[in-house]
Amino acid sequence: MRNICFYFQVHQPFRLKRYRFFDLGNDHYYYDDYLNKHILKKVANRCYLPTNELLYNLIKENGNQFKVAFSLTGVFLEQLELYAPEVIKSFRKLADTGCVEFLSETYSHSLASQADPDEFIDQVNQHRKKIEDLFRVTPKVFRNTELVYSDAVGEQVSKMGFTSMLAEGAKHVLGWKSPNFLYYNVLNPRLKVLLRNYKLSDDIAFRFSNRSWSEWPLKADKYIQWIKALPKEEEFVNLFMDYETFGEHQPLESGIHMFLENLVRMVISDPELGFTTPSELTERYQPVAPLSVPYPSSWADEERDLSAWLGNEMQKEAFGRLNSLRNLVILAGDKDLTKDYDYLQASDHFYYMSTKFFADQSVHNYFNPYNSPYDAFINYMNVLSDFIIRLEKKTKRIRFHGIPLEELSGQALEQAILSYEGTLKELRKRRNLMTKSKDTSTPAKTNPTKDFPPETAKVKKKKN
Amino acid sequence: MFGWEFPPHISGGLGTACYGLTRGLAFRDVDVIFAVPKAYGDEDQSNVRLIGASQVPVRKRSFVFKNDLVTNHENFTEERSRELVYIEIGSRLVPYLSPEEFEQYIRDRVIEEDYSWSRPIDREIPATATLTDVIGTIDFTGKYGPDLMQEVSNYALVASEIALENDFDIIHAHDWLTYPAGIAAKKSSGKPLVVHVHATEFDRTGENYNTIVFDIEKAGMEVADLVITVSNLTRNIVIKRYGIDPKKVVTVYNAVESGNENRIDQPVKSVEEKVVTFLGRITYQKGPEYFMEAAAKVLKHADNVRFVMAGSGDLLRKMIRYAARLGITEKFHFTDFLKGPEVDLMFSLSDVYVMPSVSEPFGISPLEAMRSNVPVIISKQSGVSEVLKHAIKIDFWDVDAMADAIYGLVTYESLPTMFRQFGKEEVENMKWENAALQIKNCYIKLLYPSS
């Protein structure tokens, strides 16, 4: 019996509107609502709705034999709530079949795993709350943004309590080894690693409608022969791809739905084949070997590394600047600022700044609102500059024993740091609770500024 | 080749382009005879043999591009260097002037000058070039009317004689002043004609174009066996506005001289602020007012920046008044016309270079800026934007976008770093040798159509 594990990534960022430097300090709304709505509606109609429907029918038709896994980012779900709630409904319908697994990840499809461990944890928790709220299931398997994986990332994920995680079966990682086995993290052997079979995945995701491809047209029976031709001891194949493959990257006219439909029916009627999910794989199989990935890998581009997001100077400056704001954002404890901070985390913003593919920008240009990486960088930095202005305004009001933060020094500064470390932890906890209760109950707090460190409150009272 | 100007006496991009191109062609083993109209005799003539005659002075000299001069290319050896024959034809043709401007120019000049350029010339002439003896009756002296068109046709007359006197395979004419010369040379020699379009009348004047110039351009392109344009932007104009068969119009992009960008060893920058520079003729075509409006927007929000408008032109005074009206003169400076070394100095002092041209067939100056490690902002309405990747491209009228790009470049540190990293490399790969090779291949196709 050989099992196919389908996993689909679904994500749309809040794209930024054109934000000029002279808007700094004047305009605090950063998003291109029209563009975001337009793209979301378009993809919903071409991909999300029809493909969800198809998957639902296939599940109903085949009892519980057909299974898939999804990862839905928090910012994607927020956009669905705003512009296409019917898609949430159809995902719920899929969730209720019990044949669909939802994976864990960062809320904003961010690169937090490359920045701050605490922020990484926060964002994963935030995402879990969102999935629990919407679908009443708790994700068990972790997948990082764009399958970014390294030994260190795996260790962090393991510390969060996950027992398995997805990664790219990159050639430079695997060497001669096959992706069709379970591996384990070298730093923490309890974390199992599921690897993407990039050849078979990309046959569908990238090459399916390419007429100059020697295997075009790809039919389900041919594809099944490829899967069957794998060595006997390989008991599963991980097919991980963007969900937009079905209807958007590969247009419906290419016959991609028909292919999927036929594939599912033929697999189910074949006694040698079946479907599975990441958590089933984790439970059923034992890892065969450790996997050593000292430098981060991903599923992007030829290089399968981070260079598409953090490859050039601009990306590094923007990412560094963003991460430097983290503690201030938590201290400020402002709902709007926190939300903007989440949205600005999306890895897409950094992807748009990539200078790697001036010649071959086909993938990078996908839904890319910018003419050039320079353009993308300037726009992002303008937005971030305004965000910083707001943040500084907000945090200026925070005082430690009556002294503004920027005037602290010596002993007082040390004390403040100690005090705020505790405060930050408290605030982080509260933020996680807030995200959870946001939809169900009314906000508990009326005046967030009063809830700052106790010292702040005291001072304010004295002054008043 | 018929050109307008050749270094050191150049007033614009065309001379630079012709120079680079002939050097590139020399590298590609093509011999070039280069003819230019010459209206002044003021430079050092000690190493120049004058071979003209009394009435239409024609000077012919030859020089070899030396190793280091031509290119830094390591394959370039002395055996591969070619001789360039350089012919100056006595004429009042002045580049970059419209017929109306030329009239004014001649009026001014005729008064101050005593036609010193046409003084009797040394009769020690090699037998190869007794040119003016042959056509002896062309008598310019004292008779130039203020008529540019007359000069153009006289130049053409001389050209047909040059064509008879010299041995060559292809005629290559640069821009409209020389098209009649090219046509005449083609008629007298029967050799194929290539016209090279560096600019069209539409680029120079917008919609109020001079119909006579337009007719000359059109005639040149029609008679030509091949039309070379410096960008697809220009190619489209040639096809659409002049109705030329697309099959005989090809685009060959300009390049930039590689080499010693560190001519200014230590730039003495005396201001703390970042310097944003506009450099070019201050005319409608170059879009100076958009630059100024963008500057005003930036200055309203940032005080770490100064603006420089370098160059002169018919809009200069208007621009100075405009700066005063916008209230930005404290941080907006004018330099008037800059000569060679001053241009290098200006680049070395600049942190951003802006070329907001309304219409720019190609535009070499951003490449020169990038060669000096200066990040550039260029208008999408320039030919050079078709080839440059590491530049910020904006619509010339989009003052907001221009201001934003300037602000970004002077504010966010990684941007200039990126440009230093990639821009220079990109420009250094745009070599005249490559452009020349494309042109050489065009020549070969013309001469041997079957192969």
# chains A, B, ... in the order shown; residues from 1 in each chain; ligands from 1

call {"tool": "interface_residues", "arguments": {"of": "chain A", "to": "chain B", "cutoff": "6 Å", "atoms": "only C-alpha atoms", "output": "PyMOL selection string"}}
result
chain A and resi 20-21+313-314+378

call {"tool": "residues_around", "arguments": {"residues": "range 182-197 of chain A", "least_positions_apart": "6", "cutoff": "8 Å", "atoms": "only C-alpha atoms", "output": "NGL selection string"}}
result
:A and (151-152 or 154-155 or 158 or 162-169 or 237-240 or 278 or 282 or 285-292)

call {"tool": "closest_residue", "arguments": {"among": "A:Leu82, A:Val293, A:Leu424, A:Ile121", "to": "Tyr149 in chain A", "atoms": "only C-alpha atoms"}}
result
A:Val293

call {"tool": "select_by_dssp", "arguments": {"residues": "range 302-448 of chain A", "states": "alpha helix (DSSP H)", "output": "NGL selection string"}}
result
:A and (307-310 or 313-324 or 326-332 or 335-345 or 347-351 or 373-396 or 410-437)

call {"tool": "closest_residue", "arguments": {"among": "B:Glu207, B:Asp398, B:Asp169, B:Asp175", "to": "Ile228 in chain B", "atoms": "only C-alpha atoms"}}
result
B:Asp175

call {"tool": "select_by_dssp", "arguments": {"residues": "range 128-179 of chain A", "states": "strand (DSSP E or B)", "output": "number ranges by chain"}}
result
A: 142-143, 149, 164-168

call {"tool": "residues_around", "arguments": {"residues": "Ser209 in chain A", "least_positions_apart": "2", "cutoff": "9 Å", "atoms": "only C-alpha atoms", "output": "list in words"}}
result
Ile204, Phe206, Arg207, Arg211, Ser212, Trp213, Trp216, Pro217, Leu218, Gln250, Pro251, Ser254, Gly255 and Ile256 of chain A

call {"tool": "residues_around", "arguments": {"residues": "Lys248 in chain B", "least_positions_apart": "3", "cutoff": "8 Å", "atoms": "only C-alpha atoms", "output": "list in words"}}
result
Asp225, Leu226, Val227, Ile244 and Asp245 of chain B
